[in-house]
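Undergrad: Got a structure here, written out as structure tokens. Questions coming.
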Amino acid sequence: MWFFNSPKIIYGREAIDQLSNPLYVTGTKAFIVTDKDLVKLKMVDIVTSKLKEANIEYTVFDGVLPDPPISVVKAGAEQCAKYAPDLIIALGGGSAIDTAKSLWVLYEAGLDFDINGLNPFVAIPTGTKAKLIAIPTTSGTGAETTSAVVLTDDDTGLKLELLNKGTIPTMAIVDPVFVDAMPKKLTSSTAFDAISHCIENICGKWYNIYSEGLAMLALRLLFKHLPDAYAKADPDAREAVHNAATIAGLSFGNAQVHLGHSIGHALGGTFHIPHGFAVGLALPYVMQYVIKHDAGSVKTFAGAAKTLGLAEWKDDDDVAARKFLDAVQELQRKVDFPTNLADLGVTKEKLDANIDKFIELILQSGAISITPVDVSADLVRKMLYYMVDGKAIDF
Ligand SMILES: NC(=O)c1ccc[n+]([C@@H]2O[C@H](COP(=O)([O-])OP(=O)(O)OC[C@H]3O[C@@H](n4cnc5c(N)ncnc54)[C@H](O)[C@@H]3O)[C@@H](O)[C@H]2O)c1
Ligand SMILES: [Fe+2]
């Protein structure tokens with residue numbers, strides 16, 4: 001027995017027009033959650049023009065910060081409660097969407113609700129006061145579909161991975177107009193977040209067939225279209241990658257991710273490395289390790305490689321799994337992706353200074369138990385030092 005959760009999804013070019021269609025969106029007052037850059041880029045204007053057409057009143061909270069701090073969620077929730085909307089609209093990348101999901105919880109459950117205490121076992125009555133519509137402007141996190149929120153503790157800098165199905169948006173509007181002009185680095189980093197979502201979940205302990213099917217579809221789109229989305233900003237390729245990120249969100253949101261994300265969150269929280277770069281960098285190292293130590297992952301990766309046309313049907317599983325890893329690394333080369341921690345500014349000296357803290361953060365991460373292999377402090381230490389040097393895992 002398993003569950004499959006999803007918001008309603010409207011996708012494709014001009015999907016945003018449906019924001020003013022009363023058949024799909026009803027409401028009178030919208031609280032828009034976004035950041036200052038997206039206001040400057042006039043993305044907010046696209047949304048507000050649709051609200052005006054529908055005679056929906058609105059206000060804009062543009063205080064979202066990357067790696068969203070809990071203090072910003074609380075400030076946003078207070079403004080939201082004062083405004084008393086019946087629609088909350090998240091416009092942005094994972095940071096804006098996670099901020100909106102969290103302040104939605106506080107708006108519905110009460111401002112004194114302890115957001116750190118959000119876990120899968122509490123019932124959160126979202127949707128009673130307001131619906132949440134999530135509109136992604138990056139193609140990566142899939143946060144518009146998931147029951148996860150990632151927040152940052154202001155005092156410790158710790159990235160908190162919180163899960164609750166009450167945080168799944170009511171609706172996602174996935175329109176490539178918001179990513180047509182995305183800068184190259186954001187395109188490659190966020191796409192590798194989506195790729196990590198697919199590859200970690202298909203080899204994780206919460207493997208399930210719905211998630212696997214969606215992961216394979218998302219990977220097919222990403223392998224085919226990311227190079228042109230990156231190099232040429234080709235609009236069709238951007239649309240395919242945008243859909244792939246949402247499909248990958250549905251996939252991992254129903255299966256979860258593990259070691260690569262636990263490492264990524266520890267690095268990202270400490271050095272403010274963009275999430276996609278942090279998890280995408282960890283991905284080949286995690287793949288190398290699980291290929292060496294978990295026969296189930298070898299079989300899964302071999303099946304993925306064959307289905308995606310990256311290996312021959314006659315290849316042995318070991319050979320096909322290795323070809324899958326090679327294809328991931330080749331795709332990284334095509335989009336100028338960093339291959340070692342030093343490329344992201346994390347030198348050996350910086351790692352030395354933080355290693356004990358990293359190991360503790362990674363082992364404490366909620367996602368770690370989904371990893372298909374046992375994860376020890378020794379493994380994490382060794383892997384991080386290999387990641388600094390860009391050395392292939394040989395242990
Ligand atoms: N909830 C989930 O399921 C989930 C999944 C994966 C990641 N996350 C979290 O999401 C966050 C990362 O989100 P992200 O990678 O989307 O980045 P982000 O939301 O942090 O945005 C990064 C920067 O890109 C800018 N930006 C966004 N869209 C743009 C566009 N179209 N053009 C130009 N600039 C644009 C933003 O203004 C911001 O400055 C992390 O905190 C991560 O932990 C959450
Ligand atoms: Fe992610």
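Identifiers in this document derive from the order of the structure tokens: chains are assigned A, B, ..., residues are numbered from 1 separately in each chain, and ligands are numbered from 1 in order of occurrence.
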Residues within 7 Å of ligand 1 should be enumerated using only C-alpha atoms and all ligand atoms and returned as a PyMOL selection string.

TA: chain A and resi 35-38+66-68+92-96+98+137-138+140-143+146-151+178-179+181-183+186+190+193+249+253+265+274-276

Undergrad: Just to be explicit: take each residue in the selection above, keep N, CA and C atoms, and write the result as a compact mmCIF listing (two decimals), in the first residue's frame.

TA:
# COMPACT_ATOMS: atom_id res chain seq x y z
N ASP A 35 9.91 37.43 -4.19
CA ASP A 35 11.10 38.18 -3.72
C ASP A 35 11.31 39.44 -4.57
N LYS A 36 12.22 40.27 -4.11
CA LYS A 36 12.37 41.60 -4.73
C LYS A 36 12.89 41.49 -6.17
N ASP A 37 13.74 40.48 -6.44
CA ASP A 37 14.26 40.32 -7.80
C ASP A 37 13.12 40.03 -8.78
N LEU A 38 12.18 39.22 -8.35
CA LEU A 38 11.08 38.85 -9.26
C LEU A 38 10.12 40.01 -9.46
N PRO A 66 16.65 33.67 -0.18
CA PRO A 66 17.10 32.30 -0.46
C PRO A 66 17.34 31.53 0.84
N ASP A 67 17.24 30.20 0.79
CA ASP A 67 17.34 29.37 2.00
C ASP A 67 16.43 29.97 3.07
N PRO A 68 15.12 30.00 2.83
CA PRO A 68 14.21 30.85 3.60
C PRO A 68 14.31 30.69 5.12
N GLY A 92 7.81 32.19 -7.58
CA GLY A 92 9.27 32.20 -7.46
C GLY A 92 9.84 30.81 -7.52
N GLY A 93 11.09 30.71 -7.09
CA GLY A 93 11.73 29.41 -7.01
C GLY A 93 11.32 28.70 -5.74
N GLY A 94 12.07 27.67 -5.38
CA GLY A 94 11.75 26.89 -4.18
C GLY A 94 11.68 27.75 -2.93
N SER A 95 12.50 28.81 -2.88
CA SER A 95 12.51 29.63 -1.66
C SER A 95 11.18 30.35 -1.47
N ALA A 96 10.64 30.94 -2.54
CA ALA A 96 9.34 31.63 -2.43
C ALA A 96 8.23 30.62 -2.15
N ASP A 98 8.45 27.60 -0.74
CA ASP A 98 8.53 27.06 0.62
C ASP A 98 8.10 28.09 1.66
N THR A 137 9.13 29.77 -10.88
CA THR A 137 9.89 30.59 -11.85
C THR A 137 11.29 30.02 -12.05
N THR A 138 11.56 28.87 -11.43
CA THR A 138 12.78 28.11 -11.75
C THR A 138 12.30 26.71 -12.15
N GLY A 140 13.21 23.34 -11.28
CA GLY A 140 14.07 22.45 -10.51
C GLY A 140 13.46 21.83 -9.29
N THR A 141 13.02 22.66 -8.35
CA THR A 141 12.72 22.12 -7.02
C THR A 141 11.49 21.21 -7.00
N GLY A 142 10.51 21.50 -7.85
CA GLY A 142 9.26 20.74 -7.78
C GLY A 142 8.46 21.07 -6.53
N ALA A 143 8.88 22.12 -5.80
CA ALA A 143 8.21 22.45 -4.53
C ALA A 143 6.73 22.76 -4.73
N THR A 146 5.14 19.30 -3.90
CA THR A 146 5.54 18.39 -2.82
C THR A 146 4.94 18.74 -1.46
N SER A 147 5.07 17.77 -0.55
CA SER A 147 4.64 18.00 0.83
C SER A 147 5.83 18.40 1.70
N ALA A 148 6.93 18.80 1.04
CA ALA A 148 8.15 19.16 1.79
C ALA A 148 8.29 20.67 1.86
N VAL A 149 8.83 21.16 2.96
CA VAL A 149 9.34 22.53 2.99
C VAL A 149 10.73 22.49 3.60
N VAL A 150 11.61 23.31 3.03
CA VAL A 150 12.97 23.39 3.56
C VAL A 150 13.17 24.82 4.06
N LEU A 151 13.34 24.96 5.39
CA LEU A 151 13.51 26.28 5.99
C LEU A 151 14.86 26.33 6.69
N PHE A 178 7.71 32.03 -17.33
CA PHE A 178 8.49 32.49 -16.17
C PHE A 178 9.95 32.03 -16.21
N VAL A 179 10.27 31.10 -17.13
CA VAL A 179 11.66 30.60 -17.17
C VAL A 179 12.34 30.83 -18.52
N ALA A 181 13.62 33.38 -19.76
CA ALA A 181 14.83 34.22 -19.69
C ALA A 181 15.68 33.89 -18.46
N MET A 182 15.50 32.69 -17.92
CA MET A 182 16.26 32.33 -16.72
C MET A 182 17.76 32.35 -17.03
N PRO A 183 18.60 32.94 -16.16
CA PRO A 183 20.05 32.94 -16.42
C PRO A 183 20.61 31.52 -16.50
N LEU A 186 21.36 29.52 -13.26
CA LEU A 186 20.14 29.08 -12.56
C LEU A 186 19.50 27.91 -13.32
N THR A 190 19.33 24.45 -11.20
CA THR A 190 18.01 23.97 -10.80
C THR A 190 17.65 22.68 -11.55
N ASP A 193 18.95 19.90 -9.73
CA ASP A 193 18.12 19.57 -8.56
C ASP A 193 17.06 18.55 -9.00
N GLY A 249 9.15 16.57 -9.36
CA GLY A 249 8.61 16.92 -8.03
C GLY A 249 7.54 15.93 -7.59
N GLY A 253 8.35 13.72 -4.53
CA GLY A 253 7.46 14.11 -3.44
C GLY A 253 6.71 12.92 -2.88
N HIS A 265 22.10 19.91 1.77
CA HIS A 265 21.53 20.84 2.75
C HIS A 265 22.59 21.29 3.75
N PRO A 274 23.99 27.60 -3.90
CA PRO A 274 22.63 27.33 -4.41
C PRO A 274 22.30 25.84 -4.31
N HIS A 275 21.07 25.56 -3.92
CA HIS A 275 20.63 24.18 -3.64
C HIS A 275 20.96 23.22 -4.80
N GLY A 276 20.66 23.64 -6.03
CA GLY A 276 20.87 22.76 -7.19
C GLY A 276 22.34 22.40 -7.37

Undergrad: I'd like the neighbourhood of segment 154-171 of chain A as a PyMOL selection string, where a residue qualifies if any of its atoms comes within 8 Å (using only C-alpha atoms), though same-chain residues fewer than 3 positions away should be ignored.

TA: chain A and resi 5-10+67+69-71+101-102+104-105+116+118-127+131-134+144-151+265-266+269-270+361+365-367

Undergrad: Write a file of the just-selected residues containing N, CA and C atoms, as a tab-separated table (two decimals), in the first residue's frame.

TA:
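Listed below is the output, again_11.tsv:
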chain	number	residue	atom	x	y	z
A	5	ASN	N	0.25	11.72	-3.72
A	5	ASN	CA	-0.29	13.05	-3.49
A	5	ASN	C	0.11	13.99	-4.61
A	6	SER	N	-0.81	14.87	-4.97
A	6	SER	CA	-0.52	15.84	-6.03
A	6	SER	C	-1.46	17.03	-5.90
A	7	PRO	N	-0.97	18.22	-6.24
A	7	PRO	CA	-1.92	19.35	-6.38
A	7	PRO	C	-2.61	19.22	-7.73
A	8	LYS	N	-3.63	20.07	-7.97
A	8	LYS	CA	-4.13	20.22	-9.34
A	8	LYS	C	-3.03	20.94	-10.10
A	9	ILE	N	-2.82	20.57	-11.36
A	9	ILE	CA	-1.73	21.20	-12.12
A	9	ILE	C	-2.27	21.72	-13.45
A	10	ILE	N	-1.98	23.00	-13.73
A	10	ILE	CA	-2.27	23.56	-15.05
A	10	ILE	C	-0.91	23.87	-15.65
A	67	ASP	N	17.24	30.20	0.79
A	67	ASP	CA	17.34	29.37	2.00
A	67	ASP	C	16.43	29.97	3.07
A	69	PRO	N	14.64	31.81	5.79
A	69	PRO	CA	14.72	31.78	7.25
A	69	PRO	C	13.33	31.75	7.89
A	70	ILE	N	13.23	31.11	9.03
A	70	ILE	CA	11.94	31.02	9.74
A	70	ILE	C	11.44	32.42	10.10
A	71	SER	N	12.36	33.35	10.41
A	71	SER	CA	11.92	34.71	10.78
A	71	SER	C	11.13	35.36	9.64
A	101	LYS	N	4.32	28.14	1.44
A	101	LYS	CA	3.72	26.93	2.02
A	101	LYS	C	3.73	27.02	3.55
A	102	SER	N	4.83	27.52	4.09
A	102	SER	CA	4.97	27.59	5.55
A	102	SER	C	4.07	28.65	6.15
A	104	TRP	N	1.36	29.70	4.90
A	104	TRP	CA	-0.01	29.17	4.74
A	104	TRP	C	-0.37	28.31	5.96
A	105	VAL	N	0.58	27.46	6.37
A	105	VAL	CA	0.36	26.61	7.55
A	105	VAL	C	0.08	27.48	8.78
A	116	ASN	N	8.68	24.54	13.40
A	116	ASN	CA	9.73	23.50	13.52
A	116	ASN	C	9.13	22.14	13.82
A	118	LEU	N	6.56	20.87	12.46
A	118	LEU	CA	5.79	20.32	11.34
A	118	LEU	C	6.35	18.94	10.99
A	119	ASN	N	5.51	17.94	11.03
A	119	ASN	CA	5.96	16.58	10.68
A	119	ASN	C	4.78	15.85	10.03
A	120	PRO	N	5.03	14.68	9.46
A	120	PRO	CA	3.96	14.01	8.71
A	120	PRO	C	2.77	13.60	9.58
A	121	PHE	N	2.92	13.62	10.90
A	121	PHE	CA	1.88	13.03	11.75
A	121	PHE	C	0.92	14.04	12.37
A	122	VAL	N	1.09	15.36	12.07
A	122	VAL	CA	0.11	16.32	12.58
A	122	VAL	C	-0.85	16.67	11.44
A	123	ALA	N	-2.13	16.86	11.83
A	123	ALA	CA	-3.14	17.22	10.81
A	123	ALA	C	-3.19	18.74	10.71
A	124	ILE	N	-2.88	19.27	9.54
A	124	ILE	CA	-2.88	20.73	9.33
A	124	ILE	C	-4.07	21.07	8.42
A	125	PRO	N	-4.95	21.94	8.92
A	125	PRO	CA	-6.20	22.19	8.16
A	125	PRO	C	-6.05	23.20	7.04
A	126	THR	N	-5.00	23.07	6.19
A	126	THR	CA	-4.84	24.06	5.12
A	126	THR	C	-6.00	23.95	4.13
A	127	GLY	N	-6.32	25.11	3.54
A	127	GLY	CA	-7.43	25.12	2.57
A	127	GLY	C	-8.72	25.59	3.21
A	131	LYS	N	-6.75	29.12	-0.35
A	131	LYS	CA	-6.11	28.12	-1.23
A	131	LYS	C	-4.71	28.63	-1.55
A	132	LEU	N	-3.81	27.70	-1.80
A	132	LEU	CA	-2.46	28.10	-2.19
A	132	LEU	C	-2.20	27.73	-3.65
A	133	ILE	N	-1.85	28.73	-4.43
A	133	ILE	CA	-1.48	28.48	-5.84
A	133	ILE	C	0.02	28.73	-5.97
A	134	ALA	N	0.75	27.72	-6.42
A	134	ALA	CA	2.20	27.87	-6.55
A	134	ALA	C	2.59	28.01	-8.02
A	144	GLU	N	6.37	23.11	-5.97
A	144	GLU	CA	4.95	23.40	-6.26
A	144	GLU	C	4.08	22.16	-6.15
A	145	THR	N	4.70	20.99	-6.05
A	145	THR	CA	3.92	19.74	-5.98
A	145	THR	C	4.09	19.00	-4.65
A	146	THR	N	5.14	19.30	-3.90
A	146	THR	CA	5.54	18.39	-2.82
A	146	THR	C	4.94	18.74	-1.46
A	147	SER	N	5.07	17.77	-0.55
A	147	SER	CA	4.64	18.00	0.83
A	147	SER	C	5.83	18.40	1.70
A	148	ALA	N	6.93	18.80	1.04
A	148	ALA	CA	8.15	19.16	1.79
A	148	ALA	C	8.29	20.67	1.86
A	149	VAL	N	8.83	21.16	2.96
A	149	VAL	CA	9.34	22.53	2.99
A	149	VAL	C	10.73	22.49	3.60
A	150	VAL	N	11.61	23.31	3.03
A	150	VAL	CA	12.97	23.39	3.56
A	150	VAL	C	13.17	24.82	4.06
A	151	LEU	N	13.34	24.96	5.39
A	151	LEU	CA	13.51	26.28	5.99
A	151	LEU	C	14.86	26.33	6.69
A	265	HIS	N	22.10	19.91	1.77
A	265	HIS	CA	21.53	20.84	2.75
A	265	HIS	C	22.59	21.29	3.75
A	266	ALA	N	23.48	20.39	4.14
A	266	ALA	CA	24.54	20.77	5.09
A	266	ALA	C	25.47	21.80	4.44
A	269	GLY	N	23.37	25.17	3.66
A	269	GLY	CA	23.04	25.94	4.86
A	269	GLY	C	24.25	26.68	5.39
A	270	THR	N	25.44	26.08	5.27
A	270	THR	CA	26.64	26.70	5.83
A	270	THR	C	27.26	27.72	4.87
A	361	LEU	N	25.32	17.29	10.96
A	361	LEU	CA	24.12	17.75	10.23
A	361	LEU	C	23.62	16.66	9.28
A	365	SER	N	20.00	14.48	9.45
A	365	SER	CA	19.01	14.85	8.44
A	365	SER	C	17.91	13.78	8.36
A	366	GLY	N	16.67	14.26	8.29
A	366	GLY	CA	15.54	13.32	8.27
A	366	GLY	C	15.60	12.39	7.07
A	367	ALA	N	16.19	12.87	5.95
A	367	ALA	CA	16.17	12.10	4.70
A	367	ALA	C	17.17	10.93	4.73

Undergrad: From a DSSP calculation on the backbone, collect every residue of segment 55-256 of chain A in helix (DSSP H, G or I) and output the set as a PyMOL selection string.

TA: chain A and resi 70-83+94-109+115-117+165-167+176-178+184-202+209-231+235-253

Undergrad: Just the selected residues (C-alpha atoms), exported as a compact mmCIF listing (two decimals), in the first residue's frame, please.

TA:
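Now in selection.txt:
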# COMPACT_ATOMS: atom_id res chain seq x y z
CA ILE A 70 11.94 31.02 9.74
CA SER A 71 11.92 34.71 10.78
CA VAL A 72 10.80 35.68 7.25
CA VAL A 73 8.08 33.02 7.31
CA LYS A 74 6.80 34.45 10.60
CA ALA A 75 6.89 38.05 9.34
CA GLY A 76 5.04 36.98 6.18
CA ALA A 77 2.47 35.02 8.18
CA GLU A 78 1.69 38.06 10.34
CA GLN A 79 1.12 40.24 7.29
CA CYS A 80 -0.95 37.50 5.70
CA ALA A 81 -3.16 37.13 8.79
CA LYS A 82 -3.73 40.91 8.88
CA TYR A 83 -4.68 40.93 5.19
CA GLY A 94 11.75 26.89 -4.18
CA SER A 95 12.51 29.63 -1.66
CA ALA A 96 9.34 31.63 -2.43
CA ILE A 97 7.22 28.50 -2.67
CA ASP A 98 8.53 27.06 0.62
CA THR A 99 8.01 30.41 2.36
CA ALA A 100 4.42 30.55 1.06
CA LYS A 101 3.72 26.93 2.02
CA SER A 102 4.97 27.59 5.55
CA LEU A 103 3.14 30.84 6.09
CA TRP A 104 -0.01 29.17 4.74
CA VAL A 105 0.36 26.61 7.55
CA LEU A 106 0.71 29.39 10.14
CA TYR A 107 -2.23 31.33 8.68
CA GLU A 108 -4.45 28.24 8.86
CA ALA A 109 -3.18 26.57 12.05
CA ILE A 115 6.64 25.49 12.40
CA ASN A 116 9.73 23.50 13.52
CA GLY A 117 7.27 20.91 14.79
CA LYS A 165 0.83 16.79 3.30
CA GLY A 166 -1.01 19.92 4.46
CA THR A 167 1.75 21.90 2.70
CA PRO A 176 7.35 28.44 -19.16
CA VAL A 177 6.89 32.19 -19.62
CA PHE A 178 8.49 32.49 -16.17
CA LYS A 184 22.29 30.05 -17.48
CA LYS A 185 23.64 29.22 -14.03
CA LEU A 186 20.14 29.08 -12.56
CA THR A 187 19.07 26.87 -15.49
CA SER A 188 21.83 24.31 -14.93
CA SER A 189 21.78 24.34 -11.14
CA THR A 190 18.01 23.97 -10.80
CA ALA A 191 17.83 21.31 -13.55
CA PHE A 192 20.33 19.22 -11.62
CA ASP A 193 18.12 19.57 -8.56
CA ALA A 194 15.36 17.91 -10.61
CA ILE A 195 17.75 15.24 -11.92
CA SER A 196 18.87 14.51 -8.35
CA HIS A 197 15.23 14.24 -7.28
CA CYS A 198 14.71 11.54 -9.90
CA ILE A 199 17.89 9.55 -9.38
CA GLU A 200 17.89 9.64 -5.58
CA ASN A 201 14.26 8.57 -5.31
CA ILE A 202 14.43 5.63 -7.72
CA ILE A 209 6.30 2.36 -9.11
CA TYR A 210 4.38 5.62 -9.59
CA SER A 211 7.42 7.64 -8.61
CA GLU A 212 9.68 5.53 -10.79
CA GLY A 213 7.46 6.04 -13.85
CA LEU A 214 7.40 9.79 -13.34
CA ALA A 215 11.16 9.88 -12.69
CA MET A 216 11.83 8.09 -15.97
CA LEU A 217 9.66 10.55 -17.88
CA ALA A 218 11.33 13.54 -16.22
CA LEU A 219 14.81 12.12 -16.89
CA ARG A 220 13.94 11.49 -20.54
CA LEU A 221 12.91 15.14 -20.92
CA LEU A 222 15.92 16.42 -19.01
CA PHE A 223 18.53 14.37 -20.90
CA LYS A 224 16.98 15.39 -24.21
CA HIS A 225 16.26 19.07 -23.62
CA LEU A 226 18.56 20.45 -20.93
CA PRO A 227 21.51 21.05 -23.31
CA ASP A 228 19.41 23.30 -25.59
CA ALA A 229 17.59 24.94 -22.69
CA TYR A 230 21.02 25.82 -21.30
CA ALA A 231 23.07 26.68 -24.39
CA PRO A 235 11.80 28.08 -25.68
CA ASP A 236 10.58 24.54 -26.47
CA ALA A 237 13.51 23.06 -24.57
CA ARG A 238 12.83 25.42 -21.64
CA GLU A 239 9.19 24.33 -21.62
CA ALA A 240 10.20 20.65 -21.61
CA VAL A 241 12.64 21.19 -18.74
CA HIS A 242 10.05 23.21 -16.82
CA ASN A 243 7.53 20.37 -17.11
CA ALA A 244 10.25 17.86 -16.22
CA ALA A 245 10.99 19.65 -12.96
CA THR A 246 7.34 19.50 -11.92
CA ILE A 247 7.08 15.84 -12.95
CA ALA A 248 10.27 15.13 -10.96
CA GLY A 249 8.61 16.92 -8.03
CA LEU A 250 5.60 14.60 -8.22
CA SER A 251 8.02 11.70 -8.42
CA PHE A 252 10.24 12.48 -5.44
CA GLY A 253 7.46 14.11 -3.44

Undergrad: Can you measure atom CA of Ala305 of chain A to atom CA of Val328 of chain A for me? One decimal in Å is fine.

TA: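 Taking atom CA of Ala305 of chain A and atom CA of Val328 of chain A, their separation equals 10.2 Å.
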
Undergrad: How far is it from atom CA of Leu111 of chain A to atom CA of Ile135 of chain A, in Å with one decimal?

TA: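 Interatomic distance, atom CA of Leu111 of chain A to atom CA of Ile135 of chain A: 24.4 Å.
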
Undergrad: Within 10 Å of Glu53 of chain A, counting only C-alpha atoms, which residues show up once you throw out same-chain ones fewer than 4 positions away? Write them as an mmCIF file with C-alpha atoms, in the first residue's frame, please.

TA:
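Listed below is the output, selection38.cif:
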data_model
loop_
_atom_site.group_PDB
_atom_site.id
_atom_site.type_symbol
_atom_site.label_atom_id
_atom_site.label_comp_id
_atom_site.auth_asym_id
_atom_site.auth_seq_id
_atom_site.Cartn_x
_atom_site.Cartn_y
_atom_site.Cartn_z
ATOM 1 C CA ASP A 17 -4.215 32.836 -18.187
ATOM 2 C CA LEU A 19 -5.541 32.450 -13.058
ATOM 3 C CA SER A 20 -8.361 34.728 -14.188
ATOM 4 C CA ASN A 21 -10.696 31.873 -15.121
ATOM 5 C CA THR A 48 -1.265 40.848 -11.016
ATOM 6 C CA SER A 49 -2.569 41.583 -14.523
#

Undergrad: What does the distance from atom CA of Ile263 of chain A to atom CA of Tyr386 of chain A come to in Å, to one decimal?

TA: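 Pair atom CA of Ile263 of chain A / atom CA of Tyr386 of chain A returns 13.0 Å.
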